[in-house]
$ cat entry-v6.csv   # CSV, C-alpha atoms
chain,number,residue,atom,x,y,z
C,77,MET,CA,0.0,0.0,0.0
C,78,ILE,CA,1.2,3.5,-0.9
C,79,VAL,CA,0.3,6.6,1.1
C,80,LEU,CA,1.5,10.0,0.1
C,81,HIS,CA,1.5,12.9,2.6
C,82,HIS,CA,1.6,16.0,0.4
C,83,ALA,CA,0.6,19.6,-0.2
C,84,TRP,CA,-1.1,20.7,-3.4
C,85,ARG,CA,1.3,23.6,-4.3
C,86,SER,CA,4.5,22.1,-3.0
C,87,SER,CA,6.9,21.6,-5.8
C,88,ALA,CA,8.3,18.4,-4.3
C,89,SER,CA,4.8,17.0,-3.8
C,90,ARG,CA,3.9,17.8,-7.4
C,91,ARG,CA,6.9,15.8,-8.6
C,92,VAL,CA,5.9,12.7,-6.6
C,93,ARG,CA,2.2,12.9,-7.6
C,94,LEU,CA,3.3,13.1,-11.2
C,95,MET,CA,5.6,10.2,-10.8
C,96,LEU,CA,2.9,8.1,-9.2
C,97,GLU,CA,0.4,9.0,-12.0
C,98,GLU,CA,3.0,8.3,-14.8
C,99,LYS,CA,3.5,4.9,-13.2
C,100,GLY,CA,-0.3,4.3,-12.9
C,101,LEU,CA,0.2,3.4,-9.2
C,102,PRO,CA,-2.8,3.5,-6.9
C,103,TYR,CA,-2.1,5.5,-3.7
C,104,GLU,CA,-3.9,7.2,-0.8
C,105,GLY,CA,-3.2,10.9,-0.8
C,106,ARG,CA,-3.3,12.7,2.6
C,107,VAL,CA,-3.1,16.5,2.4
C,108,VAL,CA,-0.9,18.1,5.0
C,109,ASP,CA,-2.5,21.3,6.3
C,110,MET,CA,0.6,23.5,6.4
C,111,ALA,CA,-1.3,26.5,7.5
C,112,ALA,CA,-2.2,24.6,10.7
C,113,MET,CA,1.4,23.5,11.0
C,114,GLU,CA,0.6,19.9,10.6
C,115,HIS,CA,4.0,19.2,9.1
C,116,HIS,CA,5.5,20.3,12.4
C,117,ALA,CA,3.1,18.3,14.6
C,118,PRO,CA,4.6,15.4,16.6
C,119,GLY,CA,2.7,12.8,14.7
C,120,TYR,CA,4.0,13.9,11.4
C,121,LEU,CA,7.5,14.4,12.7
C,122,ARG,CA,7.5,10.7,13.6
C,123,ILE,CA,7.4,9.8,9.9
C,124,ASN,CA,9.4,12.8,8.7
C,125,PRO,CA,11.7,14.3,11.2
C,126,ASN,CA,12.6,17.1,8.8
C,127,GLY,CA,9.0,18.4,9.0
C,128,VAL,CA,8.6,18.9,5.2
C,129,VAL,CA,6.4,17.4,2.5
C,130,PRO,CA,6.1,15.1,0.8
C,131,THR,CA,6.5,11.8,2.8
C,132,LEU,CA,5.8,8.6,1.0
C,133,LEU,CA,4.8,5.5,3.0
C,134,HIS,CA,5.2,2.2,1.2
C,135,ASP,CA,3.9,-0.7,3.3
C,136,GLY,CA,4.3,1.5,6.4
C,137,ARG,CA,7.9,2.5,5.7
C,138,PRO,CA,8.6,6.2,5.2
C,139,LEU,CA,10.7,7.9,2.6
C,140,HIS,CA,11.6,11.5,2.2
C,141,GLU,CA,13.2,13.6,-0.6
C,142,SER,CA,11.3,13.8,-3.8
C,143,GLY,CA,14.2,12.7,-6.0
C,144,THR,CA,14.9,9.7,-3.8
C,145,ILE,CA,11.2,8.8,-3.7
C,146,CYS,CA,11.0,8.9,-7.5
C,147,GLU,CA,14.0,6.7,-8.0
C,148,TYR,CA,12.6,4.3,-5.4
C,149,LEU,CA,9.3,4.1,-7.2
C,150,ASP,CA,11.0,3.4,-10.5
C,151,GLU,CA,13.2,0.6,-9.0
C,152,THR,CA,10.3,-0.9,-7.1
C,153,PHE,CA,7.7,-0.6,-10.0
C,154,PRO,CA,9.9,-0.6,-13.1
C,155,ASP,CA,7.1,-0.5,-15.7
C,156,PRO,CA,7.0,1.9,-17.4
C,157,PRO,CA,10.7,2.8,-16.8
C,158,LEU,CA,11.3,6.5,-16.0
C,159,ARG,CA,15.1,6.3,-15.7
C,160,PRO,CA,17.5,5.9,-18.6
C,161,GLY,CA,18.6,2.3,-19.3
C,162,ASP,CA,22.4,2.9,-19.0
C,163,ALA,CA,24.5,4.1,-16.1
C,164,TYR,CA,25.9,7.2,-17.8
C,165,ARG,CA,22.5,8.7,-18.6
C,166,ARG,CA,21.2,7.8,-15.2
C,167,ALA,CA,24.1,9.9,-13.8
C,168,LEU,CA,23.1,12.8,-16.1
C,169,MET,CA,19.5,12.4,-14.9
C,170,ARG,CA,20.7,12.8,-11.3
C,171,ASN,CA,22.8,15.8,-12.2
C,172,TRP,CA,19.7,17.4,-13.7
C,173,ILE,CA,17.7,16.8,-10.6
C,174,ARG,CA,20.5,18.3,-8.5
C,175,HIS,CA,20.8,21.3,-10.8
C,176,ILE,CA,17.0,22.0,-10.6
C,177,ASP,CA,16.9,21.5,-6.9
C,178,GLU,CA,19.5,24.2,-6.5
C,179,ARG,CA,17.0,26.7,-8.0
C,180,ILE,CA,14.5,26.2,-5.1
C,181,GLY,CA,15.7,29.4,-3.3
C,182,HIS,CA,14.8,31.4,-6.4
C,183,LEU,CA,11.4,29.9,-6.6
C,184,ILE,CA,10.8,30.6,-2.9
C,185,VAL,CA,11.3,34.3,-3.5
C,186,PHE,CA,8.0,34.3,-5.5
C,187,ASN,CA,6.0,31.6,-3.8
C,188,TRP,CA,6.2,32.7,-0.2
C,189,ARG,CA,4.9,36.2,-0.9
C,190,HIS,CA,1.4,35.0,-1.9
C,191,ARG,CA,0.3,33.7,1.4
C,192,LEU,CA,2.9,33.4,4.2
C,193,GLN,CA,4.2,36.9,3.9
C,194,ALA,CA,0.9,38.5,4.6
C,195,ALA,CA,0.0,36.2,7.4
C,196,ALA,CA,3.4,36.2,9.0
C,197,ALA,CA,3.6,40.0,8.9
C,198,ALA,CA,0.5,40.1,11.2
C,199,TRP,CA,2.1,37.8,13.8
C,200,SER,CA,3.5,39.3,17.0
C,201,ASP,CA,7.1,38.6,17.8
C,202,ALA,CA,5.9,36.1,20.4
C,203,GLU,CA,3.7,34.3,17.9
C,204,LEU,CA,6.5,34.2,15.3
C,205,ALA,CA,8.9,32.8,17.9
C,206,GLU,CA,6.4,30.1,18.9
C,207,LYS,CA,5.8,29.0,15.3
C,208,VAL,CA,9.5,29.0,14.4
C,209,SER,CA,10.3,27.0,17.5
C,210,ARG,CA,8.4,24.0,16.0
C,211,ILE,CA,10.6,23.9,12.8
C,212,PRO,CA,13.3,21.2,13.0
C,213,SER,CA,15.6,22.9,10.5
C,214,ALA,CA,17.7,26.0,11.6
C,215,GLU,CA,17.9,27.0,7.9
C,216,ARG,CA,14.1,27.0,7.5
C,217,GLN,CA,13.7,28.8,10.9
C,218,GLU,CA,15.7,31.6,9.5
C,219,ALA,CA,13.7,31.6,6.2
C,220,TRP,CA,10.5,32.0,8.2
C,221,ARG,CA,11.9,34.9,10.2
C,222,ARG,CA,13.1,36.5,7.0
C,223,VAL,CA,9.9,36.4,5.1
C,224,ALA,CA,7.9,37.5,8.2
C,225,ARG,CA,10.0,40.6,9.0
C,226,ARG,CA,12.0,41.4,5.8
C,227,PRO,CA,10.0,40.7,2.6
C,228,PHE,CA,11.9,40.1,-0.5
C,229,THR,CA,12.7,43.2,-2.5
C,230,GLU,CA,12.1,43.9,-6.2
C,231,GLU,CA,15.9,43.6,-6.7
C,232,GLU,CA,15.9,40.1,-5.2
C,233,ARG,CA,12.9,39.1,-7.3
C,234,ALA,CA,14.7,40.4,-10.4
C,235,GLU,CA,17.8,38.4,-9.6
C,236,ALA,CA,15.7,35.2,-8.8
C,237,ARG,CA,13.8,35.7,-12.1
C,238,ALA,CA,17.1,35.9,-14.1
C,239,LYS,CA,18.3,32.6,-12.5
C,240,LEU,CA,15.1,30.8,-13.3
C,241,ILE,CA,15.2,32.0,-16.9
C,242,ALA,CA,18.8,30.7,-17.1
C,243,LEU,CA,17.4,27.3,-16.1
C,244,LEU,CA,15.2,27.5,-19.2
C,245,GLY,CA,18.2,28.3,-21.3
C,246,ARG,CA,20.0,25.2,-20.0
C,247,MET,CA,17.0,23.1,-20.7
C,248,GLU,CA,16.8,24.4,-24.2
C,249,GLU,CA,20.2,23.2,-25.0
C,250,ALA,CA,19.6,19.7,-23.5
C,251,LEU,CA,16.2,19.3,-25.2
C,252,GLY,CA,17.6,19.7,-28.7
C,253,PRO,CA,18.4,16.2,-29.8
C,254,SER,CA,15.4,14.2,-28.6
C,255,GLY,CA,13.0,16.7,-27.0
C,256,TRP,CA,13.6,15.2,-23.5
C,257,LEU,CA,16.2,16.3,-20.9
C,258,VAL,CA,18.0,12.9,-20.8
C,259,GLY,CA,17.8,10.2,-23.4
C,260,ASP,CA,14.9,9.7,-25.9
C,261,ARG,CA,11.9,9.6,-23.6
C,262,LEU,CA,10.4,11.1,-20.4
C,263,SER,CA,12.5,10.5,-17.3
C,264,ILE,CA,12.6,11.7,-13.7
C,265,ALA,CA,14.7,14.6,-14.9
C,266,ASP,CA,11.7,15.9,-16.8
C,267,ILE,CA,9.4,15.3,-13.9
C,268,ALA,CA,11.8,17.2,-11.6
C,269,ALA,CA,11.6,20.3,-13.9
C,270,VAL,CA,7.8,20.3,-14.2
C,271,PRO,CA,6.9,22.4,-11.0
C,272,PHE,CA,9.5,25.0,-11.9
C,273,VAL,CA,8.4,25.5,-15.5
C,274,LYS,CA,4.8,25.6,-14.2
C,275,ARG,CA,5.6,28.5,-11.9
C,276,ILE,CA,7.8,30.3,-14.5
C,277,GLU,CA,5.0,30.0,-17.1
C,278,GLU,CA,2.3,31.0,-14.8
C,279,GLU,CA,3.7,34.1,-13.2
C,280,ILE,CA,7.5,34.6,-13.0
C,281,ALA,CA,8.4,34.9,-16.7
C,282,PRO,CA,5.5,33.7,-18.9
C,283,ASP,CA,7.1,35.3,-22.0
C,284,GLN,CA,10.0,32.9,-21.7
C,285,VAL,CA,8.1,29.7,-22.0
C,286,THR,CA,7.2,30.4,-25.6
C,287,ARG,CA,8.3,29.4,-29.0
C,288,ALA,CA,9.8,32.8,-29.6
C,289,ALA,CA,12.1,32.7,-26.5
C,290,HIS,CA,12.7,29.0,-25.9
C,291,PRO,CA,11.1,26.9,-28.6
C,292,GLY,CA,12.4,23.6,-27.3
C,293,VAL,CA,11.1,24.3,-23.8
C,294,ALA,CA,7.7,25.4,-25.2
C,295,ALA,CA,7.4,22.2,-27.2
C,296,TRP,CA,8.4,20.1,-24.3
C,297,TRP,CA,6.0,21.9,-22.0
C,298,ALA,CA,3.1,21.3,-24.4
C,299,ARG,CA,3.9,17.5,-24.5
C,300,ILE,CA,4.1,17.4,-20.7
C,301,GLN,CA,0.8,19.0,-20.3
C,302,ALA,CA,-0.9,16.8,-22.9
C,303,ARG,CA,0.1,13.6,-21.0
C,304,PRO,CA,-2.9,12.2,-19.0
C,305,ALA,CA,-0.8,11.9,-15.9
C,306,PHE,CA,-0.3,15.6,-15.7
C,307,ALA,CA,-4.0,16.3,-15.3
C,308,ARG,CA,-4.4,13.4,-12.8
C,309,ALA,CA,-1.5,14.7,-10.7
C,310,GLY,CA,-3.4,17.9,-9.9
C,311,ILE,CA,-0.7,20.4,-11.0
C,312,GLY,CA,-3.0,23.3,-11.3
C,313,PRO,CA,-2.4,27.1,-11.0
C,314,PHE,CA,-0.4,28.1,-7.9
C,315,GLU,CA,-3.1,30.5,-6.8
C,316,ASP,CA,-5.9,28.0,-7.1
C,317,ARG,CA,-6.1,24.6,-5.5
C,318,PRO,CA,-8.2,21.4,-5.6
C,319,ALA,CA,-11.1,21.1,-3.1
C,320,GLY,CA,-9.7,20.5,0.3
C,321,GLY,CA,-6.3,21.9,-0.4
C,322,ASP,CA,-4.2,24.1,1.9
C,323,VAL,CA,-4.8,27.7,2.3
C,324,ALA,CA,-1.2,28.6,3.0
C,325,GLU,CA,1.6,26.3,1.9
C,326,MET,CA,5.3,26.8,2.6
C,327,GLU,CA,7.4,25.8,-0.4
C,328,THR,CA,9.9,23.0,0.3
C,329,LEU,CA,11.9,20.8,-1.9
C,330,HIS,CA,12.7,17.5,-0.3
$ encode --input "entry-v6.csv" --output "structure tokens"
Amino acid sequence: MIVLHHAWRSSASRRVRLMLEEKGLPYEGRVVDMAAMEHHAPGYLRINPNGVVPTLLHDGRPLHESGTICEYLDETFPDPPLRPGDAYRRALMRNWIRHIDERIGHLIVFNWRHRLQAAAAAWSDAELAEKVSRIPSAERQEAWRRVARRPFTEEERAEARAKLIALLGRMEEALGPSGWLVGDRLSIADIAAVPFVKRIEEEIAPDQVTRAAHPGVAAWWARIQARPAFARAGIGPFEDRPAGGDVAEMETLH
């Protein structure tokens, strides 16, 4: 039995939902209410001591980190294969996942301002300290303090936007030969990129996910969205959510 603890707008959750749908695997989805701090509650921390989403339970055993989860699912349920068949291309796939993961800080600059920033600005210092005290990671504690008291500036957003556009440029080069990031078919590298391209296309730099700016990326994005698994995975607009979704999600990539 597969159980996925996830949040609708979390990039990492979107990856794993897309992986499960591409595999055609039945699973039970359990939405983590991040506005209510459920990801920092003792019960959740018992299955994920990092206090982030997603967490996948397979036969009761927990796994964290979206890249690790995706590879585990491909090894455990190999049909259809979503990793290249040879070791070299699998290494390239992992390099792509790592490169994309390094862009998460740039995505956060845009994502957090939609809900957390407004809510956190209204917290008293005591309320902020109490909420931060529940966060297991010192790095994320500082991130919460930052967004609550020092919102990202226009200059920081411009710098983050440029870094994300640079990701599209790197994708454009890789997509040339086959239309996929690694090898000649969809792989976990492509799945890793989906939440980032979704946010770029939706708000951050929509003019860049076009045939005029990045024709290879635009064609790849059209193919991704046309796949039945994309719709089933619930990768909707960042500002909307499926019924029962969170009202304030913190972006994490694990």
$ closest_residue --input "entry-v6.csv" --among "C:Glu315, C:Lys239, C:Ala309, C:Arg159" --to "Pro102 in chain C" --atoms "only C-alpha atoms"
C:Ala309
$ residues_around --input "entry-v6.csv" --residues "Arg106 in chain C" --least-positions-apart "6" --cutoff "12 Å" --atoms "all atoms listed in the file" --output "PyMOL selection string"
chain C and resi 78-84+89+93+114-115+120+129-133+320-322
$ atom_distance --input "entry-v6.csv" --atom1 "CA of Ala219 in chain C" --atom2 "CA of Lys207 in chain C"
12.3 Å
$ closest_residue --input "entry-v6.csv" --among "C:Ala295, C:Ala224, C:Met113, C:Leu240" --to "Asp177 in chain C" --atoms "only C-alpha atoms"
C:Leu240
$ closest_residue --input "entry-v6.csv" --among "C:Val293, C:Ile173, C:Ala197, C:Ala236" --to "Thr144 in chain C" --atoms "all atoms listed in the file"
C:Ile173
$ residues_around --input "entry-v6.csv" --residues "Phe306 in chain C" --least-positions-apart "2" --cutoff "10 Å" --atoms "all atoms listed in the file" --output "PDB file with C-alpha atoms, in the frame of the given file"
ATOM      1  CA  ARG C  90       3.900  17.800  -7.400  1.00  0.00           C
ATOM      2  CA  ARG C  93       2.200  12.900  -7.600  1.00  0.00           C
ATOM      3  CA  LEU C  94       3.300  13.100 -11.200  1.00  0.00           C
ATOM      4  CA  MET C  95       5.600  10.200 -10.800  1.00  0.00           C
ATOM      5  CA  GLU C  97       0.400   9.000 -12.000  1.00  0.00           C
ATOM      6  CA  GLU C  98       3.000   8.300 -14.800  1.00  0.00           C
ATOM      7  CA  ILE C 267       9.400  15.300 -13.900  1.00  0.00           C
ATOM      8  CA  VAL C 270       7.800  20.300 -14.200  1.00  0.00           C
ATOM      9  CA  ARG C 299       3.900  17.500 -24.500  1.00  0.00           C
ATOM     10  CA  ILE C 300       4.100  17.400 -20.700  1.00  0.00           C
ATOM     11  CA  GLN C 301       0.800  19.000 -20.300  1.00  0.00           C
ATOM     12  CA  ALA C 302      -0.900  16.800 -22.900  1.00  0.00           C
ATOM     13  CA  ARG C 303       0.100  13.600 -21.000  1.00  0.00           C
ATOM     14  CA  PRO C 304      -2.900  12.200 -19.000  1.00  0.00           C
ATOM     15  CA  ARG C 308      -4.400  13.400 -12.800  1.00  0.00           C
ATOM     16  CA  ALA C 309      -1.500  14.700 -10.700  1.00  0.00           C
ATOM     17  CA  GLY C 310      -3.400  17.900  -9.900  1.00  0.00           C
ATOM     18  CA  ILE C 311      -0.700  20.400 -11.000  1.00  0.00           C
ATOM     19  CA  GLY C 312      -3.000  23.300 -11.300  1.00  0.00           C
TER      20      GLY C 312
END
$ atom_distance --input "entry-v6.csv" --atom1 "CA of Gly143 in chain C" --atom2 "CA of Ile123 in chain C"
17.5 Å
$ closest_residue --input "entry-v6.csv" --among "C:Pro118, C:Arg85, C:Arg166, C:Met77" --to "Gly136 in chain C" --atoms "all atoms listed in the file"
C:Met77
$ atom_distance --input "entry-v6.csv" --atom1 "CA of Ala289 in chain C" --atom2 "CA of Thr229 in chain C"
26.2 Å
$ residues_around --input "entry-v6.csv" --residues "Gln193 in chain C" --least-positions-apart "5" --cutoff "12 Å" --atoms "all atoms listed in the file" --output "VMD selection string"
chain C and resid 184 to 188 198 to 199 204 219 to 228 324 to 326
$ closest_residue --input "entry-v6.csv" --among "C:Gly119, C:Pro138, C:Gly127, C:Pro253" --to "Gly292 in chain C" --atoms "all atoms listed in the file"
C:Pro253
$ closest_residue --input "entry-v6.csv" --among "C:Glu203, C:Asp283, C:Asp266, C:Glu248" --to "Leu158 in chain C" --atoms "all atoms listed in the file"
C:Asp266
$ residues_around --input "entry-v6.csv" --residues "Ala242 in chain C" --least-positions-apart "3" --cutoff "12 Å" --atoms "only C-alpha atoms" --output "MDAnalysis selection string"
chainID C and resid 175:176 179 182 235:239 245:249 273 276 281 284:285 289:290
$ decode --input "entry-v6.csv" --residues "range 270-304 of chain C" --atoms "N, CA and C atoms" --output "PDB file, in the first residue's frame"
ATOM      1  N   VAL C 270       9.147  19.922 -13.966  1.00  0.00           N
ATOM      2  CA  VAL C 270       7.760  20.336 -14.205  1.00  0.00           C
ATOM      3  C   VAL C 270       7.282  21.431 -13.251  1.00  0.00           C
ATOM      4  N   PRO C 271       7.425  21.299 -11.920  1.00  0.00           N
ATOM      5  CA  PRO C 271       6.891  22.357 -11.049  1.00  0.00           C
ATOM      6  C   PRO C 271       7.560  23.709 -11.275  1.00  0.00           C
ATOM      7  N   PHE C 272       8.834  23.698 -11.652  1.00  0.00           N
ATOM      8  CA  PHE C 272       9.541  24.952 -11.883  1.00  0.00           C
ATOM      9  C   PHE C 272       9.021  25.635 -13.144  1.00  0.00           C
ATOM     10  N   VAL C 273       8.899  24.876 -14.215  1.00  0.00           N
ATOM     11  CA  VAL C 273       8.409  25.460 -15.464  1.00  0.00           C
ATOM     12  C   VAL C 273       6.967  25.932 -15.289  1.00  0.00           C
ATOM     13  N   LYS C 274       6.192  25.211 -14.510  1.00  0.00           N
ATOM     14  CA  LYS C 274       4.814  25.622 -14.235  1.00  0.00           C
ATOM     15  C   LYS C 274       4.769  27.010 -13.606  1.00  0.00           C
ATOM     16  N   ARG C 275       5.592  27.240 -12.610  1.00  0.00           N
ATOM     17  CA  ARG C 275       5.600  28.536 -11.924  1.00  0.00           C
ATOM     18  C   ARG C 275       6.151  29.635 -12.820  1.00  0.00           C
ATOM     19  N   ILE C 276       7.189  29.320 -13.595  1.00  0.00           N
ATOM     20  CA  ILE C 276       7.754  30.320 -14.507  1.00  0.00           C
ATOM     21  C   ILE C 276       6.712  30.727 -15.535  1.00  0.00           C
ATOM     22  N   GLU C 277       6.038  29.745 -16.104  1.00  0.00           N
ATOM     23  CA  GLU C 277       5.046  30.010 -17.147  1.00  0.00           C
ATOM     24  C   GLU C 277       3.820  30.738 -16.595  1.00  0.00           C
ATOM     25  N   GLU C 278       3.483  30.443 -15.365  1.00  0.00           N
ATOM     26  CA  GLU C 278       2.256  31.005 -14.793  1.00  0.00           C
ATOM     27  C   GLU C 278       2.431  32.458 -14.361  1.00  0.00           C
ATOM     28  N   GLU C 279       3.573  32.785 -13.772  1.00  0.00           N
ATOM     29  CA  GLU C 279       3.704  34.117 -13.179  1.00  0.00           C
ATOM     30  C   GLU C 279       5.073  34.747 -13.359  1.00  0.00           C
ATOM     31  N   ILE C 280       6.125  33.977 -13.167  1.00  0.00           N
ATOM     32  CA  ILE C 280       7.454  34.568 -13.001  1.00  0.00           C
ATOM     33  C   ILE C 280       7.984  35.169 -14.295  1.00  0.00           C
ATOM     34  N   ALA C 281       7.886  34.434 -15.393  1.00  0.00           N
ATOM     35  CA  ALA C 281       8.364  34.934 -16.687  1.00  0.00           C
ATOM     36  C   ALA C 281       7.635  34.206 -17.811  1.00  0.00           C
ATOM     37  N   PRO C 282       6.318  34.406 -17.933  1.00  0.00           N
ATOM     38  CA  PRO C 282       5.541  33.657 -18.924  1.00  0.00           C
ATOM     39  C   PRO C 282       6.010  33.874 -20.358  1.00  0.00           C
ATOM     40  N   ASP C 283       6.596  35.029 -20.632  1.00  0.00           N
ATOM     41  CA  ASP C 283       7.060  35.295 -21.990  1.00  0.00           C
ATOM     42  C   ASP C 283       8.250  34.438 -22.385  1.00  0.00           C
ATOM     43  N   GLN C 284       8.856  33.762 -21.402  1.00  0.00           N
ATOM     44  CA  GLN C 284      10.027  32.943 -21.685  1.00  0.00           C
ATOM     45  C   GLN C 284       9.675  31.491 -22.019  1.00  0.00           C
ATOM     46  N   VAL C 285       8.475  31.056 -21.664  1.00  0.00           N
ATOM     47  CA  VAL C 285       8.056  29.682 -21.979  1.00  0.00           C
ATOM     48  C   VAL C 285       7.232  29.746 -23.265  1.00  0.00           C
ATOM     49  N   THR C 286       7.868  30.235 -24.306  1.00  0.00           N
ATOM     50  CA  THR C 286       7.204  30.445 -25.592  1.00  0.00           C
ATOM     51  C   THR C 286       8.121  29.979 -26.716  1.00  0.00           C
ATOM     52  N   ARG C 287       7.536  29.767 -27.876  1.00  0.00           N
ATOM     53  CA  ARG C 287       8.332  29.360 -29.036  1.00  0.00           C
ATOM     54  C   ARG C 287       9.272  30.467 -29.486  1.00  0.00           C
ATOM     55  N   ALA C 288       8.926  31.704 -29.195  1.00  0.00           N
ATOM     56  CA  ALA C 288       9.804  32.810 -29.570  1.00  0.00           C
ATOM     57  C   ALA C 288      11.057  32.846 -28.710  1.00  0.00           C
ATOM     58  N   ALA C 289      10.911  32.602 -27.416  1.00  0.00           N
ATOM     59  CA  ALA C 289      12.052  32.703 -26.499  1.00  0.00           C
ATOM     60  C   ALA C 289      12.800  31.389 -26.351  1.00  0.00           C
ATOM     61  N   HIS C 290      12.074  30.314 -26.080  1.00  0.00           N
ATOM     62  CA  HIS C 290      12.670  28.983 -25.867  1.00  0.00           C
ATOM     63  C   HIS C 290      11.797  27.951 -26.573  1.00  0.00           C
ATOM     64  N   PRO C 291      11.963  27.789 -27.872  1.00  0.00           N
ATOM     65  CA  PRO C 291      11.075  26.896 -28.629  1.00  0.00           C
ATOM     66  C   PRO C 291      11.118  25.447 -28.167  1.00  0.00           C
ATOM     67  N   GLY C 292      12.295  24.965 -27.788  1.00  0.00           N
ATOM     68  CA  GLY C 292      12.391  23.584 -27.312  1.00  0.00           C
ATOM     69  C   GLY C 292      11.649  23.379 -26.010  1.00  0.00           C
ATOM     70  N   VAL C 293      11.792  24.334 -25.093  1.00  0.00           N
ATOM     71  CA  VAL C 293      11.086  24.251 -23.813  1.00  0.00           C
ATOM     72  C   VAL C 293       9.580  24.347 -24.039  1.00  0.00           C
ATOM     73  N   ALA C 294       9.156  25.242 -24.924  1.00  0.00           N
ATOM     74  CA  ALA C 294       7.724  25.400 -25.190  1.00  0.00           C
ATOM     75  C   ALA C 294       7.126  24.113 -25.752  1.00  0.00           C
ATOM     76  N   ALA C 295       7.846  23.459 -26.667  1.00  0.00           N
ATOM     77  CA  ALA C 295       7.351  22.201 -27.235  1.00  0.00           C
ATOM     78  C   ALA C 295       7.326  21.109 -26.176  1.00  0.00           C
ATOM     79  N   TRP C 296       8.383  21.049 -25.362  1.00  0.00           N
ATOM     80  CA  TRP C 296       8.446  20.071 -24.257  1.00  0.00           C
ATOM     81  C   TRP C 296       7.287  20.292 -23.297  1.00  0.00           C
ATOM     82  N   TRP C 297       7.014  21.547 -22.948  1.00  0.00           N
ATOM     83  CA  TRP C 297       5.955  21.871 -21.993  1.00  0.00           C
ATOM     84  C   TRP C 297       4.589  21.477 -22.537  1.00  0.00           C
ATOM     85  N   ALA C 298       4.386  21.672 -23.822  1.00  0.00           N
ATOM     86  CA  ALA C 298       3.115  21.267 -24.436  1.00  0.00           C
ATOM     87  C   ALA C 298       2.944  19.753 -24.366  1.00  0.00           C
ATOM     88  N   ARG C 299       4.022  19.009 -24.603  1.00  0.00           N
ATOM     89  CA  ARG C 299       3.941  17.543 -24.526  1.00  0.00           C
ATOM     90  C   ARG C 299       3.675  17.086 -23.098  1.00  0.00           C
ATOM     91  N   ILE C 300       4.334  17.710 -22.147  1.00  0.00           N
ATOM     92  CA  ILE C 300       4.138  17.351 -20.733  1.00  0.00           C
ATOM     93  C   ILE C 300       2.678  17.554 -20.334  1.00  0.00           C
ATOM     94  N   GLN C 301       2.118  18.708 -20.670  1.00  0.00           N
ATOM     95  CA  GLN C 301       0.755  19.023 -20.253  1.00  0.00           C
ATOM     96  C   GLN C 301      -0.285  18.156 -20.960  1.00  0.00           C
ATOM     97  N   ALA C 302       0.077  17.632 -22.118  1.00  0.00           N
ATOM     98  CA  ALA C 302      -0.863  16.783 -22.857  1.00  0.00           C
ATOM     99  C   ALA C 302      -0.908  15.364 -22.322  1.00  0.00           C
ATOM    100  N   ARG C 303       0.050  14.992 -21.489  1.00  0.00           N
ATOM    101  CA  ARG C 303       0.077  13.634 -20.958  1.00  0.00           C
ATOM    102  C   ARG C 303      -1.053  13.459 -19.933  1.00  0.00           C
ATOM    103  N   PRO C 304      -1.794  12.372 -19.983  1.00  0.00           N
ATOM    104  CA  PRO C 304      -2.898  12.171 -19.031  1.00  0.00           C
ATOM    105  C   PRO C 304      -2.466  12.265 -17.573  1.00  0.00           C
TER     106      PRO C 304
END
